[in-house]
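One file, structure-v1.csv, is given below (CSV, C-alpha atoms).
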```
chain,number,residue,atom,x,y,z
A,1,MET,CA,0.0,0.0,0.0
A,2,LEU,CA,1.2,3.5,-0.9
A,3,THR,CA,2.0,5.6,2.2
A,4,LYS,CA,0.0,8.8,2.8
A,5,ARG,CA,1.8,12.1,2.7
A,6,ILE,CA,1.6,15.1,5.0
A,7,ILE,CA,2.2,18.4,3.2
A,8,PRO,CA,2.4,21.8,4.8
A,9,CYS,CA,1.4,24.6,2.3
A,10,LEU,CA,3.0,28.0,2.4
A,11,ASP,CA,1.0,30.7,0.7
A,12,ILE,CA,3.5,33.4,-0.3
A,13,LYS,CA,2.9,37.1,-0.7
A,14,ASP,CA,5.9,39.4,-1.2
A,15,GLY,CA,8.2,36.6,0.0
A,16,ARG,CA,6.4,36.1,3.3
A,17,THR,CA,4.1,33.3,4.4
A,18,VAL,CA,0.5,34.4,4.8
A,19,LYS,CA,-2.7,32.7,5.9
A,20,GLY,CA,-6.4,33.7,5.6
A,21,VAL,CA,-9.9,32.3,5.9
A,22,ASN,CA,-11.8,31.4,2.8
A,23,PHE,CA,-9.0,33.0,0.8
A,24,VAL,CA,-9.3,36.4,2.4
A,25,ASN,CA,-8.1,38.4,5.5
A,26,LEU,CA,-4.5,37.5,5.2
A,27,ARG,CA,-2.1,37.6,8.1
A,28,ASP,CA,1.7,37.1,8.3
A,29,ALA,CA,3.0,33.7,9.3
A,30,GLY,CA,6.8,34.1,8.9
A,31,ASP,CA,9.6,33.7,6.4
A,32,ALA,CA,8.8,31.1,3.8
A,33,VAL,CA,12.3,29.4,3.7
A,34,GLU,CA,12.7,29.4,7.5
A,35,LEU,CA,9.3,27.8,7.9
A,36,GLY,CA,10.0,25.3,5.2
A,37,LYS,CA,13.3,24.3,6.9
A,38,ALA,CA,11.4,23.8,10.2
A,39,TYR,CA,8.8,21.6,8.6
A,40,ALA,CA,11.5,19.4,6.9
A,41,GLU,CA,13.1,18.9,10.3
A,42,GLN,CA,9.8,18.0,11.8
A,43,GLY,CA,9.1,15.2,9.3
A,44,ALA,CA,7.0,16.8,6.6
A,45,ASP,CA,6.9,14.6,3.5
A,46,GLU,CA,6.8,17.4,1.0
A,47,LEU,CA,6.1,21.2,0.9
A,48,VAL,CA,4.0,23.4,-1.4
A,49,PHE,CA,4.9,27.0,-1.9
A,50,LEU,CA,2.1,29.0,-3.7
A,51,ASP,CA,2.6,32.7,-4.6
A,52,ILE,CA,-1.1,33.6,-4.1
A,53,THR,CA,-0.7,37.0,-5.8
A,54,ALA,CA,1.4,36.0,-8.7
A,55,THR,CA,-1.4,35.4,-11.2
A,56,VAL,CA,-3.2,38.6,-10.3
A,57,GLU,CA,-0.2,40.8,-10.1
A,58,LYS,CA,1.6,39.1,-13.0
A,59,ARG,CA,4.8,38.7,-11.1
A,60,LYS,CA,7.4,36.0,-11.8
A,61,THR,CA,9.6,36.3,-8.7
A,62,LEU,CA,9.3,32.6,-7.8
A,63,ALA,CA,12.6,31.5,-9.3
A,64,ALA,CA,14.7,33.3,-6.7
A,65,LEU,CA,12.6,31.9,-4.0
A,66,ALA,CA,12.8,28.4,-5.4
A,67,LYS,CA,16.6,28.7,-5.4
A,68,ARG,CA,16.7,29.7,-1.8
A,69,ILE,CA,14.3,26.8,-0.8
A,70,ALA,CA,16.4,24.3,-2.8
A,71,GLN,CA,19.6,25.4,-1.0
A,72,ASN,CA,18.0,25.0,2.4
A,73,LEU,CA,15.7,22.0,2.1
A,74,ASN,CA,16.2,18.2,1.6
A,75,ILE,CA,12.6,17.2,0.9
A,76,PRO,CA,10.6,17.5,-2.3
A,77,PHE,CA,8.8,20.8,-2.9
A,78,THR,CA,6.3,22.2,-5.4
A,79,VAL,CA,6.1,25.8,-6.5
A,80,GLY,CA,3.1,27.5,-8.0
A,81,GLY,CA,1.7,30.9,-8.8
A,82,GLY,CA,1.6,32.8,-12.1
A,83,ILE,CA,3.1,29.9,-14.1
A,84,SER,CA,1.8,30.0,-17.7
A,85,SER,CA,4.4,28.8,-20.1
A,86,ILE,CA,7.1,26.1,-20.8
A,87,ASP,CA,9.7,28.9,-20.1
A,88,ASP,CA,8.3,29.6,-16.6
A,89,VAL,CA,8.5,25.9,-15.7
A,90,ALA,CA,12.0,25.4,-17.1
A,91,VAL,CA,13.3,28.3,-15.0
A,92,LEU,CA,11.6,26.9,-11.8
A,93,LEU,CA,12.8,23.4,-12.3
A,94,ASP,CA,16.4,24.7,-13.1
A,95,SER,CA,16.1,26.7,-9.8
A,96,GLY,CA,15.6,23.5,-7.9
A,97,ALA,CA,11.8,23.0,-7.7
A,98,ASP,CA,10.8,19.3,-7.8
A,99,LYS,CA,7.3,20.0,-9.2
A,100,ILE,CA,5.3,22.9,-10.4
A,101,SER,CA,1.7,23.7,-9.8
A,102,ILE,CA,-0.6,25.3,-12.4
A,103,ASN,CA,-4.1,26.5,-12.0
A,104,THR,CA,-5.6,29.6,-13.7
A,105,ALA,CA,-3.4,29.3,-16.8
A,106,ALA,CA,-4.4,25.7,-17.3
A,107,VAL,CA,-8.1,26.5,-17.3
A,108,LYS,CA,-7.6,29.4,-19.7
A,109,ARG,CA,-5.5,27.2,-22.0
A,110,PRO,CA,-5.9,23.5,-21.3
A,111,GLU,CA,-3.2,22.6,-23.9
A,112,LEU,CA,-0.7,23.9,-21.4
A,113,ILE,CA,-1.0,20.7,-19.4
A,114,THR,CA,-0.3,18.6,-22.4
A,115,GLU,CA,2.7,20.8,-23.4
A,116,LEU,CA,4.2,20.6,-19.9
A,117,ALA,CA,3.7,16.9,-19.6
A,118,LYS,CA,5.3,16.3,-23.0
A,119,ASN,CA,8.3,18.6,-22.3
A,120,PHE,CA,9.1,17.7,-18.7
A,121,GLY,CA,7.1,14.6,-17.8
A,122,SER,CA,3.8,14.2,-16.0
A,123,GLN,CA,5.5,13.7,-12.7
A,124,PHE,CA,6.5,17.4,-12.6
A,125,VAL,CA,3.0,18.7,-13.3
A,126,VAL,CA,0.6,19.3,-10.4
A,127,LEU,CA,-2.9,20.7,-11.3
A,128,ALA,CA,-4.2,22.9,-8.5
A,129,VAL,CA,-7.9,23.3,-8.5
A,130,ASP,CA,-9.8,25.8,-6.3
A,131,THR,CA,-13.4,24.8,-6.1
A,132,ARG,CA,-16.6,26.0,-4.4
A,133,PHE,CA,-19.9,24.2,-4.0
A,134,ASP,CA,-22.7,26.5,-5.2
A,135,GLY,CA,-25.6,24.5,-3.8
A,136,MET,CA,-25.9,22.4,-7.0
A,137,GLU,CA,-22.4,21.4,-8.0
A,138,TRP,CA,-18.7,22.0,-7.5
A,139,LYS,CA,-17.4,24.7,-9.7
A,140,VAL,CA,-13.8,25.8,-10.5
A,141,TYR,CA,-12.5,29.2,-9.5
A,142,LEU,CA,-9.5,31.1,-10.8
A,143,ASN,CA,-7.0,33.8,-9.7
A,144,GLY,CA,-6.6,32.6,-6.2
A,145,GLY,CA,-10.3,31.9,-5.7
A,146,ARG,CA,-11.4,35.4,-6.9
A,147,THR,CA,-12.9,34.5,-10.3
A,148,PRO,CA,-15.8,32.0,-10.7
A,149,THR,CA,-16.1,29.9,-13.8
A,150,SER,CA,-18.9,27.7,-15.2
A,151,LEU,CA,-16.5,24.7,-15.3
A,152,ASN,CA,-17.6,21.6,-13.4
A,153,THR,CA,-14.8,20.5,-11.1
A,154,ILE,CA,-15.1,16.7,-11.7
A,155,ASP,CA,-15.2,17.2,-15.5
A,156,TRP,CA,-12.1,19.4,-15.2
A,157,LEU,CA,-10.2,16.8,-13.1
A,158,LYS,CA,-10.9,14.1,-15.7
A,159,GLU,CA,-9.7,16.3,-18.6
A,160,ALA,CA,-6.6,17.3,-16.7
A,161,GLN,CA,-5.7,13.7,-16.2
A,162,GLU,CA,-6.2,12.9,-19.8
A,163,ARG,CA,-4.0,15.8,-20.8
A,164,GLY,CA,-1.1,14.5,-18.7
A,165,ALA,CA,-1.4,16.1,-15.2
A,166,GLY,CA,0.6,13.9,-12.8
A,167,GLU,CA,-1.2,14.9,-9.6
A,168,VAL,CA,-4.1,17.0,-8.4
A,169,LEU,CA,-4.2,19.5,-5.5
A,170,LEU,CA,-7.8,19.9,-4.7
A,171,THR,CA,-8.8,22.8,-2.5
A,172,SER,CA,-12.4,23.3,-1.2
A,173,MET,CA,-12.9,27.0,-0.8
A,174,ASN,CA,-16.0,26.2,1.3
A,175,HIS,CA,-13.8,24.5,3.8
A,176,ASP,CA,-10.6,26.5,3.5
A,177,GLY,CA,-9.4,28.1,6.8
A,178,THR,CA,-12.5,26.9,8.7
A,179,LYS,CA,-10.8,24.1,10.6
A,180,ASN,CA,-14.1,22.1,10.4
A,181,GLY,CA,-12.7,19.2,8.3
A,182,PHE,CA,-11.9,18.5,4.7
A,183,ALA,CA,-14.4,18.0,1.9
A,184,LEU,CA,-14.7,14.3,2.3
A,185,GLN,CA,-17.3,13.4,-0.4
A,186,LEU,CA,-15.7,15.6,-3.1
A,187,THR,CA,-12.2,14.2,-2.4
A,188,ALA,CA,-13.5,10.6,-2.3
A,189,LYS,CA,-15.2,11.1,-5.6
A,190,ALA,CA,-12.1,12.5,-7.2
A,191,SER,CA,-9.9,9.8,-5.7
A,192,GLU,CA,-12.1,7.0,-7.0
A,193,LEU,CA,-12.3,8.6,-10.4
A,194,LEU,CA,-8.7,9.4,-11.0
A,195,LYS,CA,-5.6,7.2,-11.5
A,196,ILE,CA,-3.3,10.0,-10.4
A,197,PRO,CA,-2.7,11.0,-6.8
A,198,VAL,CA,-5.1,13.5,-5.1
A,199,ILE,CA,-3.9,15.9,-2.5
A,200,ALA,CA,-6.8,17.2,-0.3
A,201,SER,CA,-6.7,20.8,0.9
A,202,GLY,CA,-8.9,23.1,2.9
A,203,GLY,CA,-10.4,22.6,6.3
A,204,ALA,CA,-7.9,20.8,8.5
A,205,GLY,CA,-8.4,21.6,12.1
A,206,THR,CA,-7.8,18.4,14.1
A,207,MET,CA,-5.7,15.2,13.8
A,208,GLN,CA,-9.0,13.3,13.4
A,209,HIS,CA,-9.7,15.4,10.2
A,210,PHE,CA,-6.5,13.9,8.7
A,211,ALA,CA,-7.5,10.4,9.6
A,212,GLU,CA,-10.9,11.0,7.9
A,213,ILE,CA,-9.5,12.4,4.7
A,214,PHE,CA,-7.2,9.4,4.3
A,215,THR,CA,-9.9,6.8,5.1
A,216,GLU,CA,-13.3,8.3,4.1
A,217,GLY,CA,-11.9,10.8,1.7
A,218,LYS,CA,-9.4,8.3,0.1
A,219,ALA,CA,-6.8,11.1,-0.4
A,220,ASP,CA,-3.2,10.2,-1.2
A,221,ALA,CA,-1.9,13.3,0.6
A,222,ALA,CA,-3.3,15.9,2.9
A,223,LEU,CA,-2.3,19.6,2.8
A,224,ALA,CA,-2.7,22.2,5.5
A,225,ALA,CA,-1.4,25.6,6.4
A,226,SER,CA,-2.4,27.6,9.5
A,227,ILE,CA,-2.6,24.6,11.9
A,228,PHE,CA,1.1,23.9,11.1
A,229,HIS,CA,2.2,27.6,10.8
A,230,PHE,CA,0.8,28.5,14.2
A,231,GLY,CA,1.9,25.4,16.0
A,232,GLU,CA,-1.6,23.9,16.6
A,233,ILE,CA,-0.7,20.5,15.4
A,234,PRO,CA,3.0,19.4,15.5
A,235,ILE,CA,3.8,17.1,12.5
A,236,PRO,CA,5.5,14.4,14.6
A,237,GLU,CA,2.5,14.1,16.8
A,238,LEU,CA,0.2,14.0,13.8
A,239,LYS,CA,2.2,11.1,12.3
A,240,THR,CA,2.1,9.1,15.5
A,241,PHE,CA,-1.6,9.6,15.8
A,242,LEU,CA,-2.2,8.4,12.2
A,243,LYS,CA,0.1,5.4,12.6
A,244,ASN,CA,-1.9,4.4,15.8
A,245,LYS,CA,-5.0,4.5,13.6
A,246,ASN,CA,-3.2,2.0,11.2
A,247,ILE,CA,-2.9,4.5,8.5
A,248,ALA,CA,0.2,4.0,6.4
A,249,ILE,CA,2.3,7.1,6.9
A,250,ARG,CA,5.9,7.8,5.6
```
This entry written out as structure tokens:
Amino acid sequence: MLTKRIIPCLDIKDGRTVKGVNFVNLRDAGDAVELGKAYAEQGADELVFLDITATVEKRKTLAALAKRIAQNLNIPFTVGGGISSIDDVAVLLDSGADKISINTAAVKRPELITELAKNFGSQFVVLAVDTRFDGMEWKVYLNGGRTPTSLNTIDWLKEAQERGAGEVLLTSMNHDGTKNGFALQLTAKASELLKIPVIASGGAGTMQHFAEIFTEGKADAALAASIFHFGEIPIPELKTFLKNKNIAIR
């Protein structure tokens, strides 16, 4: 059985880590590289660094950050935010990133997924999906959750897999920052449907929530931010808790 992964996510704005609720009301959580180093030492399996303003402000400052991270970390890390071309990805992978995450640019031009998979390999391409339940269905949102689309989330996940995405980072905006638990049904549906790994994101508040997303939600990995940033759940304790529940953890 494949082991489940615990992934702290660092949302980056102007080189600092920030955290909000439902994608707004951001507060500072510290230096991104220093936090990343601390997580690696605590036993995090991977890290995700997302420049949450990159797409909106059209900034491409991630390469310098990726270089700093690579020099200081010994675990795999994914970088995302404002990535929209083969050139963007080449620079980030050359700077030391293990994977890249694309979101808005992929929805606007789905061929980008195909191009990146063909040029670099599917294993480097993570499709990030920000989604909100509108009372009827789950819809995809763009630009850091600011822009609604008419795109059905499950349909988009299927298309992304067909185009060569190697992994999906699925964030429920309804659950993000609430600490009330992950979107179990949505994640389970995605995990059952896709052959590629699904990383669940949005809603972690307790250790039990992680157990639920790995069992009921069938996720391959669970991502969280504020509970790690502000020391509410130490990663070593979380891993011990999950192992005691007979969940295969790295």
How would you write as a ChimeraX atom specification the residues that get within 10 Å of (-1.2, 20.6, 9.9) in the file's frame, counting all atoms listed in the file? /A:6-9,44,204-207,209-210,222-235,238
Find the spatial neighbours of range 83-95 of chain A, counting only C-alpha atoms, within a cut-off of 10 Å - ignore same-chain residues fewer than 2 positions away - and output them as JSON, numbers by chain. {"A": [51, 54, 55, 58, 59, 60, 62, 63, 64, 65, 66, 67, 68, 69, 70, 71, 78, 79, 80, 81, 97, 98, 99, 100, 101, 102, 103, 104, 105, 106, 108, 109, 112, 113, 115, 116, 117, 119, 120, 124, 125]}
Rank nothing, just name the residue among A:Thr171, A:Asn152, A:Gln161, A:Thr240 nearest to Ala183 in chain A, using all atoms listed in the file. A:Thr171
Scan for residues within 9 Å of the point (0.9, 10.7, 2.9) in the coordinates of the file, using all atoms listed in the file, and reply as a tab-separated table (two decimals) with C-alpha atoms, in the frame of the given file.
```tsv
chain	number	residue	atom	x	y	z
A	2	LEU	CA	1.20	3.50	-0.90
A	3	THR	CA	2.00	5.60	2.20
A	4	LYS	CA	0.00	8.80	2.80
A	5	ARG	CA	1.80	12.10	2.70
A	6	ILE	CA	1.60	15.10	5.00
A	7	ILE	CA	2.20	18.40	3.20
A	45	ASP	CA	6.90	14.60	3.50
A	199	ILE	CA	-3.90	15.90	-2.50
A	214	PHE	CA	-7.20	9.40	4.30
A	219	ALA	CA	-6.80	11.10	-0.40
A	220	ASP	CA	-3.20	10.20	-1.20
A	221	ALA	CA	-1.90	13.30	0.60
A	222	ALA	CA	-3.30	15.90	2.90
A	248	ALA	CA	0.20	4.00	6.40
A	249	ILE	CA	2.30	7.10	6.90
A	250	ARG	CA	5.90	7.80	5.60
```
Mind pulling up the distance from CA of Arg163 in chain A to CA of Thr114 in chain A?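 Distance between the two atoms: 4.9 Å.
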